[in-house]
Amino acid sequence: MKTNNLGYPRIGSHRELKKACEQYWLGKITHNELMRVGAQIRQKNWQLQKDAGIDLIPSNDFSFYDQVLDMSLMVGAIPTRYHEVILNKKNAETDLYFAMARGYQKQGLDITAMEMTKWFDTNYHYIVPEFYKNQVFKTFSTKIVDEFYEAKLLGIITKPVIIGPVSYLLLGKAKQKGFEPIDLINNILPVYIDIIRKLEAHTVEWIQFDEPCLSLDLSQKQKDAFVYAYAEIKKHFPQLKTILANYFECYGDNLKLALSLPLNTLHIDLVRCPAQLNDVFATGFVINDVFATDFVNTPTSISLGIVDGRNIWKNDFTHSLELINKVIDKIGANRVMIAPSCSLIHSPCDLDLETNDTILSPEIKQWLAFAKQKINEVVTLKQLACGENTEQANIKLQENSKANQSRKISALIHNPKVKQRVAAIGLQDAQRNNDSCIRKIKQQAALNLPIFPTTTIGSFPQTAEVRSWRAKFKKGELTQHEYNELIAKETTEAIAWQEETGIDVLVHGEFERNDMVEYFGEQLDGFTFSKNGWVQSYGSRCVKPPIIYGDVSRPKPITLKWTLYAQSLTKKWVKGMLTGPVTILQWSFVRNDQPRSQTCTQIALSIRDEVVDLENAGIKIIQIDEPAIREGLPLRRGNWPQYLQWAVNAFRIAASGVKDETQIHTHMCYSEFNDIIKNIADMDADVITIECSRSQMELLDAFAHFKYPNQIGPGVYDIHSPRVPSTIEMVALMEKAKAVIPASQLWVNPDCGLKTRHWTETKKALLAMVQAAKELRLSHTA
């Protein structure tokens, strides 16, 4: 039996990678210093896993920004607009890489970033590859080879991890009509062959091919591409040991296909889909042109993804051993690997760093496991299953059983009043008083906004100074009064600047907030937090998800104070800014002892209370952000209706306690809307703002074809890039929007909140945005 890890967090236990990348972008450290930080993180991760007892240690799981972008560089899928970045530059590959991710505005060049979207149903974002008809691929980056050799020099033989050729193509986007990305499988496969040959020259033994698209509904052409690709790889490298990894969902009707591929090991996610273990042993299939009555009669091994790679709850050893022993009884221990369900990049690094009992109580901490602890769980499960290190392993089994039993009976978890309120919800609680047509008339009379009204999505830049105030306050170096005075001063300046700039609907800036989910969780019962539980969202952006351990309720108002303060400073409307129930759920580590739908409804009731309090205090525009509603979709379409029913209903519960005159906004980012546009309309928000600038307004097509009835703010400013768009560019984007959406329905706004940007670029971009709105109004009335 072997232990197998699919991937390890690359941000560093103290976010070393984030800090190094941001310093490099600002020119504060050299390229060599950046490379040194990356090497230190990789080497520490490899050594940690070796010391723990992991047999198959991954390499190429490290990335300076994104693993899909790494693949695009590897295969030379570099859009032509970036070619100038390569010329005459000392650090061409690194700067090209970051230019593709973030855009480039230097040395007379002005190049937009590549599109970004969510990685399956996670809160991780990847850079979307761009494909063209008859595209030619060529090995450009040898990062995967270099890192394997780097580990080898340290005496650690790793298992390179590579995104499989079919999933890589399916994750991309065709930038021309008349072909599908999967049509390029013949073109791209020679690059994979070349890379594997380079690895083979360094005596690689195992390679892990990540093919998460096997969890999706596939066309016959896509299935045929799998058969072709892996037959070619096997033909060129008959002695190579290969692992095919799928995660986040069952193989479903792709299981027979996966089992038939000429591979050494099949990885299955038993956390998301424990039922598929029975399917594996019950499925007949053809392998190497020979029919196998079932999996038992093949030489293929199985990697059991039994430790949850996406959540932070401690594994239940007793339950896991039942599954492991079931497999051993059928095929023997030598064909079994123990593994996390997926890469651990979705887990925080190390629970041992949580030493502050006032932040994370010892009672709750004993129920948790972060990446380092999950590695140890994998090793302990192998020891228990194989009878190795018996005394120590049995002690760990007893400790594990005790902790899990403690959680089941803890008084912290259940709140009868919350459960009763959820049970009492009726249809009227998820309905506004009148439909959107009537509400729009009343809202226009109450708000008196111009055509093409301008607004921002919520947050303004959180400078190092603002973050230092929060840190000092938490350390007791600032009193509550001193901290409030500083936040009030920053809010006052933000309101004054927005008024001076001419923005129509203002925001208070959210300077008091650490994170759009964490801030709310800190003030809701049923949530707890970590100090160092960071995970990567995209690039250098890390988030520290709250931990939902029990029933959720709101003991007191959350946003009222600072929203009302901002409104008192201006005669213009100030939006109340809230995070929606589905996003709070999706971007938290969620309890796994009750259905997610039930937890989401509890959160929705808490947000509803906040919405009603804001309205009663005179706030007439309230935004309930739901950027995560699309990412929460199950990967199989057959499971969508159930999820969408409870997710949309949760938003409506949160939003439906107000009068017709109160305008409810929502915000969504980096999502494809075509296939759920009816459900978005069913949310019944008066205004929806969406990411559109990177996609050049392509996302609006769904709203146009559906004839979306409410108002839309398509983003004209990509806030995930430091690049400042011009007024001309923004007007051009809005003209595209006008071509498919009536002008009377359009708002003008950035793609997302501005928290991660700097004031200099933010002010330039928003001034250009307001000017764009003025020019649109002039052309509309002319």
# chains A, B, ... in the order shown; residues from 1 in each chain; ligands from 1

call {"tool": "select_by_dssp", "arguments": {"residues": "stretch 158-398 of chain A", "states": "helix (DSSP H, G or I)", "output": "JSON, numbers by chain"}}
result
{"A": [165, 166, 167, 168, 169, 170, 181, 182, 183, 184, 185, 186, 187, 188, 189, 190, 191, 192, 193, 194, 195, 196, 197, 198, 199, 200, 201, 212, 213, 214, 215, 220, 221, 222, 223, 224, 225, 226, 227, 228, 229, 230, 231, 232, 233, 234, 235, 236, 252, 253, 254, 255, 256, 257, 258, 259, 260, 276, 277, 278, 279, 280, 281, 282, 295, 296, 297, 317, 318, 319, 320, 321, 322, 323, 324, 325, 326, 327, 328, 329, 330, 331, 333, 334, 335, 344, 345, 346, 351, 352, 353, 362, 363, 364, 365, 371, 372, 373, 374, 375, 376, 377, 378, 379, 380, 381, 382, 383, 384, 385, 386, 390, 391, 392, 393, 394, 395, 396, 397, 398]}

call {"tool": "write_last_selection", "arguments": {"atoms": "C-alpha atoms", "output": "tab-separated table (two decimals), in the first residue's frame"}}
result
chain	number	residue	atom	x	y	z
A	165	PRO	CA	-4.55	17.25	-22.22
A	166	VAL	CA	-8.31	16.84	-22.46
A	167	SER	CA	-9.16	18.83	-19.33
A	168	TYR	CA	-6.68	21.55	-20.32
A	169	LEU	CA	-8.44	22.04	-23.64
A	170	LEU	CA	-11.91	21.90	-22.10
A	181	PRO	CA	-11.08	23.49	-28.26
A	182	ILE	CA	-11.17	19.68	-28.16
A	183	ASP	CA	-10.48	19.74	-31.92
A	184	LEU	CA	-6.90	20.69	-30.98
A	185	ILE	CA	-6.12	17.40	-29.23
A	186	ASN	CA	-3.92	16.19	-32.10
A	187	ASN	CA	-2.02	19.49	-32.10
A	188	ILE	CA	-1.32	19.65	-28.38
A	189	LEU	CA	-0.44	16.03	-27.65
A	190	PRO	CA	3.10	16.21	-29.16
A	191	VAL	CA	3.98	18.83	-26.52
A	192	TYR	CA	2.86	16.44	-23.76
A	193	ILE	CA	4.94	13.70	-25.37
A	194	ASP	CA	7.94	16.04	-25.50
A	195	ILE	CA	7.59	17.05	-21.84
A	196	ILE	CA	7.18	13.45	-20.68
A	197	ARG	CA	10.25	12.50	-22.68
A	198	LYS	CA	12.22	15.23	-20.90
A	199	LEU	CA	10.98	13.91	-17.55
A	200	GLU	CA	11.84	10.36	-18.54
A	201	ALA	CA	15.39	11.52	-19.21
A	212	PRO	CA	-11.16	16.84	-13.41
A	213	CYS	CA	-13.36	17.28	-16.50
A	214	LEU	CA	-14.19	13.57	-16.11
A	215	SER	CA	-16.58	14.81	-13.41
A	220	GLN	CA	-18.76	11.66	-27.52
A	221	LYS	CA	-16.05	13.72	-29.23
A	222	GLN	CA	-14.60	14.62	-25.83
A	223	LYS	CA	-14.72	11.01	-24.69
A	224	ASP	CA	-12.98	9.92	-27.87
A	225	ALA	CA	-10.24	12.47	-27.15
A	226	PHE	CA	-9.55	10.76	-23.81
A	227	VAL	CA	-9.18	7.38	-25.52
A	228	TYR	CA	-6.86	8.78	-28.18
A	229	ALA	CA	-4.70	10.87	-25.82
A	230	TYR	CA	-3.96	8.18	-23.27
A	231	ALA	CA	-3.43	5.49	-25.91
A	232	GLU	CA	-0.78	7.74	-27.48
A	233	ILE	CA	0.91	8.40	-24.14
A	234	LYS	CA	0.95	4.67	-23.36
A	235	LYS	CA	2.33	3.89	-26.83
A	236	HIS	CA	5.24	6.28	-26.38
A	252	GLY	CA	-20.68	9.01	-13.24
A	253	ASP	CA	-21.25	7.80	-16.79
A	254	ASN	CA	-17.58	8.49	-17.52
A	255	LEU	CA	-16.49	5.70	-15.16
A	256	LYS	CA	-16.44	3.00	-17.82
A	257	LEU	CA	-14.34	5.33	-20.00
A	258	ALA	CA	-11.89	6.06	-17.17
A	259	LEU	CA	-11.52	2.40	-16.25
A	260	SER	CA	-10.80	1.49	-19.88
A	276	GLN	CA	-18.76	5.45	-6.63
A	277	LEU	CA	-16.60	2.91	-4.81
A	278	ASN	CA	-19.34	0.31	-5.35
A	279	ASP	CA	-19.67	1.46	-8.97
A	280	VAL	CA	-15.97	0.84	-9.60
A	281	PHE	CA	-16.29	-2.79	-8.58
A	282	ALA	CA	-19.61	-3.32	-10.36
A	295	PHE	CA	-12.17	-3.96	-11.62
A	296	VAL	CA	-10.93	-6.92	-9.58
A	297	ASN	CA	-9.79	-8.67	-12.75
A	317	PHE	CA	-10.74	7.04	11.00
A	318	THR	CA	-13.27	4.36	11.92
A	319	HIS	CA	-15.45	5.10	8.89
A	320	SER	CA	-12.46	5.46	6.55
A	321	LEU	CA	-10.96	2.15	7.67
A	322	GLU	CA	-14.23	0.40	6.86
A	323	LEU	CA	-13.96	1.62	3.27
A	324	ILE	CA	-10.24	0.87	3.00
A	325	ASN	CA	-10.66	-2.67	4.34
A	326	LYS	CA	-13.53	-3.25	1.94
A	327	VAL	CA	-11.20	-2.48	-0.97
A	328	ILE	CA	-8.31	-4.51	0.47
A	329	ASP	CA	-10.60	-7.52	0.79
A	330	LYS	CA	-11.38	-7.30	-2.95
A	331	ILE	CA	-8.01	-6.48	-4.55
A	333	ALA	CA	-3.35	-3.91	-0.16
A	334	ASN	CA	-0.66	-3.74	-2.86
A	335	ARG	CA	-3.17	-2.23	-5.33
A	344	LEU	CA	-4.70	20.32	-0.63
A	345	ILE	CA	-4.36	23.81	-2.15
A	346	HIS	CA	-7.95	24.32	-0.96
A	351	LEU	CA	-3.32	23.82	12.35
A	352	ASP	CA	-0.27	23.88	14.64
A	353	LEU	CA	0.03	27.62	13.93
A	362	PRO	CA	-9.54	24.27	22.01
A	363	GLU	CA	-12.89	22.48	21.89
A	364	ILE	CA	-13.43	23.34	18.23
A	365	LYS	CA	-9.75	23.06	17.30
A	371	ALA	CA	-3.09	20.42	5.13
A	372	LYS	CA	-0.19	19.30	7.31
A	373	GLN	CA	-2.55	17.37	9.57
A	374	LYS	CA	-4.33	15.81	6.57
A	375	ILE	CA	-0.99	14.48	5.32
A	376	ASN	CA	-0.52	12.84	8.71
A	377	GLU	CA	-4.08	11.44	8.56
A	378	VAL	CA	-3.28	9.80	5.22
A	379	VAL	CA	-0.16	8.18	6.69
A	380	THR	CA	-1.94	7.08	9.88
A	381	LEU	CA	-4.75	5.45	7.89
A	382	LYS	CA	-2.18	3.44	5.96
A	383	GLN	CA	-0.50	2.38	9.21
A	384	LEU	CA	-3.81	1.33	10.73
A	385	ALA	CA	-4.89	-0.55	7.61
A	386	CYS	CA	-1.56	-2.37	7.28
A	390	THR	CA	0.73	-0.34	15.74
A	391	GLU	CA	1.06	1.26	19.17
A	392	GLN	CA	1.33	4.85	17.97
A	393	ALA	CA	-1.29	4.34	15.26
A	394	ASN	CA	-3.78	2.93	17.76
A	395	ILE	CA	-3.21	5.89	20.08
A	396	LYS	CA	-4.02	8.20	17.16
A	397	LEU	CA	-7.14	6.14	16.39
A	398	GLN	CA	-8.37	6.54	19.96

call {"tool": "residues_around", "arguments": {"residues": "stretch 607-624 of chain A", "least_positions_apart": "5", "cutoff": "10 Å", "atoms": "only C-alpha atoms", "output": "count of residues only"}}
result
56

call {"tool": "select_by_dssp", "arguments": {"residues": "stretch 576-740 of chain A", "states": "strand (DSSP E)", "output": "PyMOL selection string"}}
result
chain A and resi 576-579+589-590+621-625+663-668+687-690+711-714

call {"tool": "write_last_selection", "arguments": {"atoms": "C-alpha atoms", "output": "PDB file, in the first residue's frame"}}
result
ATOM      1  CA  GLY A 576     -25.861  49.253   2.137  1.00  0.00           C
ATOM      2  CA  MET A 577     -23.302  46.542   1.404  1.00  0.00           C
ATOM      3  CA  LEU A 578     -23.986  42.947   2.434  1.00  0.00           C
ATOM      4  CA  THR A 579     -22.657  39.532   1.497  1.00  0.00           C
ATOM      5  CA  PHE A 589     -15.570  25.927   5.674  1.00  0.00           C
ATOM      6  CA  VAL A 590     -19.042  24.496   6.217  1.00  0.00           C
ATOM      7  CA  ILE A 621     -30.347  50.930  -1.951  1.00  0.00           C
ATOM      8  CA  ILE A 622     -29.013  47.667  -0.541  1.00  0.00           C
ATOM      9  CA  GLN A 623     -26.586  45.358  -2.328  1.00  0.00           C
ATOM     10  CA  ILE A 624     -26.509  41.673  -1.439  1.00  0.00           C
ATOM     11  CA  ASP A 625     -23.432  40.240  -3.138  1.00  0.00           C
ATOM     12  CA  GLN A 663     -33.782  48.883  -4.540  1.00  0.00           C
ATOM     13  CA  ILE A 664     -32.046  45.534  -4.080  1.00  0.00           C
ATOM     14  CA  HIS A 665     -28.773  45.043  -5.965  1.00  0.00           C
ATOM     15  CA  THR A 666     -26.714  41.893  -6.302  1.00  0.00           C
ATOM     16  CA  HIS A 667     -23.262  41.301  -7.727  1.00  0.00           C
ATOM     17  CA  MET A 668     -21.765  38.308  -9.510  1.00  0.00           C
ATOM     18  CA  VAL A 687     -30.119  45.528 -10.305  1.00  0.00           C
ATOM     19  CA  ILE A 688     -27.400  42.981 -11.027  1.00  0.00           C
ATOM     20  CA  THR A 689     -23.769  43.971 -11.586  1.00  0.00           C
ATOM     21  CA  ILE A 690     -21.518  41.470 -13.338  1.00  0.00           C
ATOM     22  CA  GLN A 711     -31.349  46.477 -14.605  1.00  0.00           C
ATOM     23  CA  ILE A 712     -27.758  45.398 -15.301  1.00  0.00           C
ATOM     24  CA  GLY A 713     -24.364  46.919 -14.537  1.00  0.00           C
ATOM     25  CA  PRO A 714     -21.792  45.277 -16.831  1.00  0.00           C
TER      26      PRO A 714
END

call {"tool": "closest_residue", "arguments": {"among": "A:Leu368, A:Val85, A:Cys21, A:Leu767", "to": "A:Trp497", "atoms": "only C-alpha atoms"}}
result
A:Leu767

call {"tool": "atom_distance", "arguments": {"atom1": "atom CA of A:Ile163", "atom2": "atom CA of A:Tyr149"}}
result
19.0 Å
